[in-house]
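Let me begin by presenting the structure, written as C-alpha cells, before commenting on it.
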Amino acid sequence: MIEGVGLRKIFKSGIFSGKTIIAVDGVNIKIEEEETVALVGESGSGKSTLGRILLMLIRPDEGRVIFDGIDLTKLRGRELRKIRMKMQLIPQHPDEALDPRWRIYDSIAEPLRIHKLCNRSEEEDKVLELIRAVGLKEEHLSRYPYELSGGELQRAVIARALTLNPKFIVCDEPTSMLDLSTQASIVRLLMDLQRKLGMSYLFITHDLELARVVADRILIMKDGRLVG
Amino acid sequence: MEFAFASEVFRSRIFKNNLCTIGFGIILFIAMLGLLAPVIADDPYKTNLAERLKPPSLEHPFGTDQLGRDLFSRVVHGARTSLFVAMTISLISMAIGCLIGAVSGYFGGIIDDIIGRIIDVFLAIPELVFNIALVGIFCVAYGVSTWNVILAVVITNWVSYARITRGIVLSLKEKEFVLCAKAIGARDSYILLRHVIPNAIGPIIVLATLNMGNVIMTIASLGFLGLGIQPPTPEWGQILNSGKNYITTAPWITFFPGLFIALSVLGFNLLGEGLRDVLEKRTLEY
Amino acid sequence: MLKIENLKVYFKTDLGIVKAVDGVDLEVHKGERFTLIGESGSGKSVLAISILRLLPKNAEISGKIVFNGKNLLELSEEEMRRIRGRKIAWIPQSQSSLNPVLTVGFQSAEPMIEHLGFDKKSAFAKVLRIFDFLGIGRNRAKDYPHQFSGGMRQRVLVAMGISTSPELIIADEPTKGLDASKRAQVVGLFRRIEDRTMLIITHDLNFAEKLADRIAVMYCGKIVEVSPAKEFFNEPLHPYSKGLLDSLPSRGLKPIRGFQPSMMNPPSGCRFRERCEFASERCRREPPLFNLNGRSVRCWLHD
C-alpha cells in the first residue's frame with residue numbers, strides 16, 4: 001500500500017562548515033494494507049526521519065514514495081495536500097502536538113474545516129463520535145491542552161488523526177513520554193482502532209518489547225539503514 | 001514557555017500582578033490627561049508676556065514659560081503628541097517587523113540568511129545617531145514635518161520586532177502541532193496565520209509595551225535636540241529644551257515635562273515587566 | 001540510616017492545595033539499593049527533594065526525616081548545606097544540570113574542595129581516578145559538557161555525586177530519556193558503586209528489577225507497598241503494583257482501568273479503589289500499612 005524505494009536524506013548544517021549528516025541512507029520499505037510494521041532503533045538512527053519522509057513531511061533527496069500506486073515525490077502543493085488526508089502522523093510529545101491556544105474541540109475539527117468536508121452539525125456529530133472512539137468524554141472538548149493529562153492529550157491527538165479516515169498512520173514513539181500504565185492503554189487503543197478501521201501503521205519505537213507485542217513485522221534501523 | 005490564553009484566568013492574573021496594575025494606572029492617568037486636554041487645560045499656544053516665567057500657582061498649576069504660556073496646558077497637550085506619535089511608530093514598526101521576522105523564521109533558507117544579516121547591520125548602528133542622521137536627511141529632502149520623526153524612528157525600530165518574532169517562530173516551527181497541521185494538509189499561509197503568529201503574540205505584546213517607553217524616550221531626545229516635533233506644537237522634549245536656559249530661575253519649565261517623560265517610561269516598563277510575568281508563567285507549577 | 005515518618009508535603013497553588021506527599025513512612029537501611037517506583041504525579045520526586053530540603057517556597061512540609069539520628073527538618077539552613085553533597089548526594093535527572101562553561105573535571109572536583117577541604121590538585125587527582133572507574137576516561141576531564149553524549153553526561157553526574165563518598169545517594173530518574181542500550185549501561189554503572197546506600201527514584205520497572213534490593217511503590221502521595229525486589233516482581237501484593245507490572249509489554253500490556261485521580265481532592269479511603277478490580281465496601285475506609293513477614297502493603301485484602 002505504501003512503499004519507499006531507495007530513500008535517502010542528507011541534512012546539511014551551516015553554510016560554511018558544510019557538516020552533513022546522512023539521516024536515511026538507501027532505505028527500501030513496504031507496508032501492506034492493515035499491517036503494522038514496527039521500526040525500532042536508537043535515537044539518531046534516522047527512524048523519525050524515515051517516518052516523516054513516508055508522509056512527505058520531509059522531501060527525500062533521492063528515491064520515491066509510492067502510495068496507492070502514485071509516486072508522491074512527483075506531486076506538488078494542492079495534489080499533495082489532498083493525499084495527506086489519507087495518511088497521518090501521531091507524534092511523540094502529546095503536550096506539543098496540539099495548538100496550546102485552541103480548545104480540544106477545535107483541534108479535532110480542524111482537519112474537517114481545512115478540507116471543507118462538512119457543515120457545522122455534521123462536524124459536531126463527527127467530533128463526538130471520534131472522542132467516544134478514543135475514550136474521552138464530552139467535557140474534555142471545551143478544555144485547553146494544558147488542562148489535560150498526557151494520556152488524555154494523546155487520545156485527543158489520536159482522535160484528530162482519525163478525523164479524515166486515514167489509511168496509513170505513522171506513530172512516532174506515541175507512548176515514550178507517557179507512564180507505563182498509560183502506555184498500555186494508549187497502545188491497546190491504537191491496536192483496537194486498527195482492527196476496527198483497517199488501517200496500516202508504521203509504529204516507531206525504541207522499545208523492542210513493545211514492538212514485539214504491537215507489530216506483525218519488526219524492522220531495525222541503525223545509522224540510517226535497515227539492518228533486519 | 002507556555003502561554004495560558006484562557007482569557008478569564010488571564011484578565012484576573014493581569015490585575016493580580018502589582019507591576020501590571022501600577023504601570024497600567026500610570027499610563028491610564030497620562031492618557032486620560034492627554035485625551036481630556038481640550039477640556040481640562042487652556043489653549044497651549046496663547047502667549048502672555050506679562051505673565052512670563054511665573055512659578056506654579058492656583059491659576060497656573062505648573063507655572064508659565066518664557067513666553068507666558070500656561071505650562072500645564074503645554075505639558076498635557078504634549079502628552080497627546082507623545083503618546084500619539086509613539087503609538088503610531090510602535091504599530092507601524094510592529095507590523096513591519098513581525099511580518100518580516102515571521103517570514104524569515106518560518107521559511108528559513110536564503111531568505112532568512114539575507115534578513116538575518118540586515119538585522120545585524122541595523123543592530124550594529126547606535127540607534128539615536130542613526131535617527132538623527134535620518135531626520136536630517138528627510139528634512140533636507142522633504143522639508144520639516146512630524147512624519148520625518150515617525151519614519152526615522154520606524155526605520156530603526158522595526159528591527160527589534162523582527163529579531164524577536166524570528167526567534168519565536170523558529171522555535172514554534174519545530175513544535176509538533178505545526179508539523180501535525182502540515183500532516184492534515186494545511187497550507188503554509190494558513191499555518192502561519194492560524195498557528196504560528198497567534199502563539200507568538202504574547203511575547204510580542206510584552207516587547208511592544210516595553211518598546212513604547214523606548215520610543216517615547218527617543219521622541220523626547222530628538223525634540224530636545226531640536227530635531228523632533230517642531231514648535232509651537234507642544235512636545236515634552238522640546239519644552240525641556242526651551243526651559244534649559246532658565247533652569248536656575250524657572251526650574252518648573254524643565255521639571256514638569258521631565259517628570260512626565262520619566263513617569264510614562266516608568267509606566268510602560270512596569271506594565272511590560274508585569275505582562276511578561278503573567279504571560280510566561282506556567283499554568284500550574286509545583 | 002534514613003527514616004521518614006508521617007511526611008506530608010503540600011503545595012499551595014492558584015487552584016488549591018496539592019497534596020503531593022501525604023503521610024509517608026519509609027526506612028532505608030544502610031548499604032541497600034532502595035528503589036521508589038511511581039508514575040508521574042505520584043509525588044515520588046517531591047519526596048526525594050524534600051529529603052534535601054530543596055522544596056520551592058510554596059511548599060508546606062511536616063513530619064520527620066531522620067538521617068543518622070538527626071531530624072533534617074529541624075536543622076538550620078547552614079547545617080543542612082553541610083549535609084547536602086557531603087553526607088547526602090543528589091544525582092539529578094536532567095542532564096542540563098551541568099554548567100556549560102566549566103570543564104566536567106572541575107565540576108566534579110568542586111564538591112570535594114567545598115566539603116572535604118581538598119586542595120585543587122588532590123581533588124582533581126581523585127576525579128581522574130573516579131572517571132577511570134566509571135568508564136568516562138581520565139583524558140576527558142578537561143572537556144566541556146556539550147562535548148559529551150547523553151549517556152556520558154549521566155556518568156559525569158554520577159561521578160560528581162560519589163566523589164565525596166557520601167553516606168546516601170539519591171538518584172532521580174537516572175534512565176529518563178535514555179535508549180535501551182544506554183539504560184543497560186546505567187545499570188552497570190550503578191552496580192559498580194558498592195557499599196553505598198542508595199535511594200533511586202524511577203518509573204522504569206525494568207531498571208528497578210535489575211538494580212533494586214527493596215522496592216517501594218508510591219501512588220497518589222502514599223506508599224502502597226514495600227517489598228524485597230525479588231518477591232515484588234514475582235508476586236506483587238498491592239493491586240496497583242500488580243496492575244503496573246501487568247502493563248509492561250513483556251507481561252501482557254494490560255492497562256489499568258480509569259485515570260489517575262486529581263492530587264487536589266483524591267478519593268477518600270483507599271486512593272486506588274476507583275480503579276481497583278478487588279474494591280469493596282471496606283475500601284471506603286483508609287487501609288493502614290499491613291506488615292506481612294518483611295513486606296508491607298496498604299490494602300484491606302491483606303488484613
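Please note that chains go A, B, ... in the order of the C-alpha cells, that every chain numbers its residues from 1, and that ligands are numbered from 1 in the order shown.
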Can you list every residue in stretch 37-195 of chain A that DSSP puts in strand (DSSP E), as an mmCIF file with N, CA and C atoms, in the first residue's frame?
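So states-v4.cif came out as:
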```
data_model
loop_
_atom_site.group_PDB
_atom_site.id
_atom_site.type_symbol
_atom_site.label_atom_id
_atom_site.label_comp_id
_atom_site.auth_asym_id
_atom_site.auth_seq_id
_atom_site.Cartn_x
_atom_site.Cartn_y
_atom_site.Cartn_z
ATOM 1 N N VAL A 37 3.881 -2.373 10.970
ATOM 2 C CA VAL A 37 5.313 -2.602 10.910
ATOM 3 C C VAL A 37 5.952 -1.758 12.000
ATOM 4 N N ALA A 38 6.740 -2.402 12.860
ATOM 5 C CA ALA A 38 7.437 -1.642 13.889
ATOM 6 C C ALA A 38 8.819 -1.274 13.375
ATOM 7 N N LEU A 39 9.193 -0.033 13.612
ATOM 8 C CA LEU A 39 10.516 0.446 13.221
ATOM 9 C C LEU A 39 11.257 0.743 14.514
ATOM 10 N N VAL A 40 12.252 -0.088 14.807
ATOM 11 C CA VAL A 40 12.939 0.024 16.089
ATOM 12 C C VAL A 40 14.348 0.530 15.871
ATOM 13 N N GLU A 62 16.799 11.502 -2.524
ATOM 14 C CA GLU A 62 16.736 10.506 -3.594
ATOM 15 C C GLU A 62 15.637 9.524 -3.265
ATOM 16 N N GLY A 63 15.129 8.839 -4.265
ATOM 17 C CA GLY A 63 14.172 7.777 -4.036
ATOM 18 C C GLY A 63 12.741 8.226 -4.237
ATOM 19 N N ARG A 64 11.832 7.253 -4.138
ATOM 20 C CA ARG A 64 10.420 7.531 -4.384
ATOM 21 C C ARG A 64 9.567 7.017 -3.241
ATOM 22 N N VAL A 65 8.438 7.702 -3.023
ATOM 23 C CA VAL A 65 7.445 7.219 -2.070
ATOM 24 C C VAL A 65 6.192 6.916 -2.865
ATOM 25 N N ILE A 66 5.784 5.645 -2.870
ATOM 26 C CA ILE A 66 4.623 5.273 -3.674
ATOM 27 C C ILE A 66 3.476 4.899 -2.754
ATOM 28 N N PHE A 67 2.370 5.643 -2.875
ATOM 29 C CA PHE A 67 1.191 5.408 -2.038
ATOM 30 C C PHE A 67 0.021 5.108 -2.961
ATOM 31 N N ILE A 70 0.627 5.818 -6.557
ATOM 32 C CA ILE A 70 1.001 7.167 -7.004
ATOM 33 C C ILE A 70 2.368 7.520 -6.430
ATOM 34 N N ASP A 71 3.222 8.069 -7.264
ATOM 35 C CA ASP A 71 4.535 8.498 -6.775
ATOM 36 C C ASP A 71 4.404 9.887 -6.139
ATOM 37 N N MET A 87 -3.107 9.930 4.941
ATOM 38 C CA MET A 87 -2.014 9.474 5.797
ATOM 39 C C MET A 87 -1.771 10.478 6.920
ATOM 40 N N GLN A 88 -1.559 9.967 8.110
ATOM 41 C CA GLN A 88 -1.474 10.840 9.268
ATOM 42 C C GLN A 88 -0.288 10.534 10.165
ATOM 43 N N LEU A 89 -0.019 11.499 11.053
ATOM 44 C CA LEU A 89 1.092 11.364 11.989
ATOM 45 C C LEU A 89 0.570 11.448 13.427
ATOM 46 N N ILE A 90 1.026 10.548 14.275
ATOM 47 C CA ILE A 90 0.810 10.698 15.722
ATOM 48 C C ILE A 90 2.184 10.893 16.335
ATOM 49 N N PHE A 168 -3.269 5.154 6.414
ATOM 50 C CA PHE A 168 -1.928 4.858 6.897
ATOM 51 C C PHE A 168 -1.552 5.878 7.969
ATOM 52 N N ILE A 169 -1.074 5.385 9.111
ATOM 53 C CA ILE A 169 -0.666 6.299 10.182
ATOM 54 C C ILE A 169 0.759 5.981 10.626
ATOM 55 N N VAL A 170 1.560 7.028 10.736
ATOM 56 C CA VAL A 170 2.889 6.871 11.328
ATOM 57 C C VAL A 170 2.775 7.239 12.806
ATOM 58 N N CYS A 171 3.009 6.262 13.687
ATOM 59 C CA CYS A 171 3.001 6.534 15.127
ATOM 60 C C CYS A 171 4.456 6.692 15.541
ATOM 61 N N ASP A 172 4.854 7.939 15.811
ATOM 62 C CA ASP A 172 6.264 8.207 16.094
ATOM 63 C C ASP A 172 6.480 8.206 17.602
#
```
Could I get the residues of chain C with an atom no further than 10 Å from an atom of chain B, each paired with its nearest atom pair and that distance in Å to one decimal, using only C-alpha atoms, sorted by chain and residue number, as a tab-separated table?
```
residue	atom	partner	partner_atom	distance
C:Tyr10	CA	B:Tyr286	CA	9.8
C:Phe11	CA	B:Tyr286	CA	6.9
C:Lys12	CA	B:Tyr286	CA	8.7
C:Thr13	CA	B:Leu284	CA	7.3
C:Asp14	CA	B:Leu284	CA	7.8
C:Leu15	CA	B:Leu284	CA	8.2
C:Val18	CA	B:Tyr286	CA	8.7
C:Ala20	CA	B:Tyr286	CA	9.2
C:Val46	CA	B:Tyr286	CA	9.1
C:Leu55	CA	B:Tyr286	CA	9.1
C:Pro56	CA	B:Tyr286	CA	7.5
C:Lys57	CA	B:Tyr286	CA	9.7
C:Asn58	CA	B:Tyr286	CA	8.1
C:Ala59	CA	B:Tyr286	CA	8.4
```
I need the residues from that last selection saved to file as an mmCIF file, in the first residue's frame (with N, CA and C atoms), if you can.
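Done, and the output landed in result.cif:
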```
data_model
loop_
_atom_site.group_PDB
_atom_site.id
_atom_site.type_symbol
_atom_site.label_atom_id
_atom_site.label_comp_id
_atom_site.auth_asym_id
_atom_site.auth_seq_id
_atom_site.Cartn_x
_atom_site.Cartn_y
_atom_site.Cartn_z
ATOM 1 N N TYR C 10 2.669 19.633 51.159
ATOM 2 C CA TYR C 10 1.521 20.229 50.465
ATOM 3 C C TYR C 10 1.988 21.483 49.725
ATOM 4 N N PHE C 11 1.443 21.673 48.539
ATOM 5 C CA PHE C 11 1.766 22.883 47.780
ATOM 6 C C PHE C 11 0.539 23.763 47.675
ATOM 7 N N LYS C 12 0.749 25.040 47.949
ATOM 8 C CA LYS C 12 -0.354 25.975 47.744
ATOM 9 C C LYS C 12 -0.241 26.523 46.333
ATOM 10 N N THR C 13 -1.281 26.370 45.534
ATOM 11 C CA THR C 13 -1.267 26.915 44.183
ATOM 12 C C THR C 13 -2.499 27.782 43.987
ATOM 13 N N ASP C 14 -2.556 28.432 42.820
ATOM 14 C CA ASP C 14 -3.709 29.276 42.483
ATOM 15 C C ASP C 14 -5.008 28.490 42.566
ATOM 16 N N LEU C 15 -4.918 27.189 42.253
ATOM 17 C CA LEU C 15 -6.135 26.407 42.078
ATOM 18 C C LEU C 15 -6.508 25.605 43.311
ATOM 19 N N VAL C 18 -2.276 21.168 46.622
ATOM 20 C CA VAL C 18 -1.877 19.903 46.016
ATOM 21 C C VAL C 18 -1.157 19.092 47.082
ATOM 22 N N ALA C 20 1.069 16.573 47.487
ATOM 23 C CA ALA C 20 1.996 15.774 46.684
ATOM 24 C C ALA C 20 2.498 14.564 47.460
ATOM 25 N N VAL C 46 8.961 14.729 44.546
ATOM 26 C CA VAL C 46 8.802 15.690 45.642
ATOM 27 C C VAL C 46 9.346 15.091 46.934
ATOM 28 N N LEU C 55 12.820 22.166 48.548
ATOM 29 C CA LEU C 55 11.483 22.407 48.002
ATOM 30 C C LEU C 55 11.266 23.883 47.689
ATOM 31 N N PRO C 56 10.418 24.183 46.706
ATOM 32 C CA PRO C 56 10.098 25.587 46.449
ATOM 33 C C PRO C 56 9.366 26.203 47.637
ATOM 34 N N LYS C 57 9.245 27.533 47.601
ATOM 35 C CA LYS C 57 8.746 28.271 48.762
ATOM 36 C C LYS C 57 7.290 27.999 49.105
ATOM 37 N N ASN C 58 6.496 27.654 48.084
ATOM 38 C CA ASN C 58 5.070 27.482 48.382
ATOM 39 C C ASN C 58 4.750 26.098 48.957
ATOM 40 N N ALA C 59 5.800 25.373 49.386
ATOM 41 C CA ALA C 59 5.575 24.033 49.935
ATOM 42 C C ALA C 59 5.468 24.096 51.454
#
```
Inset, instruction - Write out as a PyMOL selection string the residues lying within 12 Å of C:Gly150, counting only C-alpha atoms and excluding same-chain residues fewer than 6 positions away. - result: (chain A and resi 43-44) or (chain C and resi 93-98+156-157+174-179+182-183+185-186)
Tell me the residues of chain A close to chain C, meaning within 8 Å using only C-alpha atoms, as a short mmCIF file (atom, residue, chain, number, x, y, z; two decimals) with C-alpha atoms, in the first residue's frame.
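File written: part-v1.cif
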```cif
data_model
loop_
_atom_site.label_atom_id
_atom_site.label_comp_id
_atom_site.auth_asym_id
_atom_site.auth_seq_id
_atom_site.Cartn_x
_atom_site.Cartn_y
_atom_site.Cartn_z
CA GLU A 42 18.01 4.17 19.00
CA SER A 43 17.83 7.93 18.96
CA ASP A 179 3.63 6.47 32.11
CA LEU A 180 3.69 2.72 31.97
CA SER A 181 0.02 2.13 32.70
CA THR A 182 -0.99 4.92 30.32
CA GLN A 183 1.28 3.48 27.65
CA ALA A 184 -0.57 0.19 27.89
CA SER A 185 -3.96 1.82 27.45
CA ARG A 188 -4.30 -1.08 23.28
CA HIS A 206 12.93 2.27 20.76
CA ASP A 207 11.34 -0.42 22.89
CA GLU A 209 9.48 -5.47 23.89
CA LEU A 210 6.71 -3.11 22.89
CA VAL A 213 3.55 -7.02 21.17
#
```
Taking only residues of chain A that have an atom at most 7 Å from an atom of chain B, what is each one's shortest atom pair and its distance in Å to one decimal, using only C-alpha atoms, in chain and number order, as a tab-separated table?
```
residue	atom	partner	partner_atom	distance
A:Leu57	CA	B:Ala183	CA	6.9
A:Arg81	CA	B:Gly185	CA	4.4
A:Lys82	CA	B:Gly185	CA	6.7
A:Arg84	CA	B:Gly185	CA	5.4
A:Met85	CA	B:Ile184	CA	5.9
A:Gln88	CA	B:Ala183	CA	6.0
A:Leu89	CA	B:Ala183	CA	6.5
A:Pro91	CA	B:Glu176	CA	6.8
A:Glu96	CA	B:Glu176	CA	5.5
A:Ala97	CA	B:Phe177	CA	4.1
A:Leu98	CA	B:Phe177	CA	4.9
A:Asp99	CA	B:Phe177	CA	5.7
A:Arg101	CA	B:Phe5	CA	6.1
A:Pro111	CA	B:Ile184	CA	5.9
A:Ile114	CA	B:Ala186	CA	6.5
```
Show which residues sit within 12 Å of A:Ser45, as a PDB file with C-alpha atoms, in the first residue's frame. Count only C-alpha atoms, and ignore same-chain residues fewer than 4 positions away.
```
ATOM      1  CA  ILE A  21      24.505  14.037   8.444  1.00  0.00           C
ATOM      2  CA  ILE A  22      23.182  11.109   6.456  1.00  0.00           C
ATOM      3  CA  ALA A  23      19.874  10.554   8.224  1.00  0.00           C
ATOM      4  CA  VAL A  24      18.398   7.977   5.862  1.00  0.00           C
ATOM      5  CA  ASP A  25      20.710   6.027   3.616  1.00  0.00           C
ATOM      6  CA  LEU A  39      10.516   0.446  13.221  1.00  0.00           C
ATOM      7  CA  VAL A  40      12.939   0.024  16.089  1.00  0.00           C
ATOM      8  CA  GLY A  41      16.125   1.962  16.610  1.00  0.00           C
ATOM      9  CA  THR A  49      13.132  10.999   9.555  1.00  0.00           C
ATOM     10  CA  LEU A  50      12.120   7.881   7.623  1.00  0.00           C
ATOM     11  CA  GLY A  51       8.586   8.117   9.046  1.00  0.00           C
ATOM     12  CA  ILE A 204       8.263   3.825  15.535  1.00  0.00           C
ATOM     13  CA  THR A 205       9.694   2.926  18.938  1.00  0.00           C
ATOM     14  CA  HIS A 206      12.930   2.274  20.757  1.00  0.00           C
ATOM     15  CA  ILE A 220      15.572  -2.497  12.953  1.00  0.00           C
ATOM     16  CA  MET A 221      17.220   0.736  11.905  1.00  0.00           C
ATOM     17  CA  LYS A 222      20.781   1.723  12.600  1.00  0.00           C
ATOM     18  CA  ASP A 223      22.765   4.694  11.273  1.00  0.00           C
ATOM     19  CA  GLY A 224      20.209   5.415   8.567  1.00  0.00           C
ATOM     20  CA  ARG A 225      19.945   1.862   7.241  1.00  0.00           C
ATOM     21  CA  LEU A 226      17.566  -1.006   7.811  1.00  0.00           C
ATOM     22  CA  VAL A 227      19.532  -3.857   9.297  1.00  0.00           C
TER      23      VAL A 227
ATOM     24  CA  ASP C 179      17.765   4.469  24.896  1.00  0.00           C
TER      25      ASP C 179
END
```
Inset, instruction - Could you jot down the atom CA of B:Phe130 to atom CA of B:Leu271 separation for me, Å, one decimal place? - result: 28.0 Å
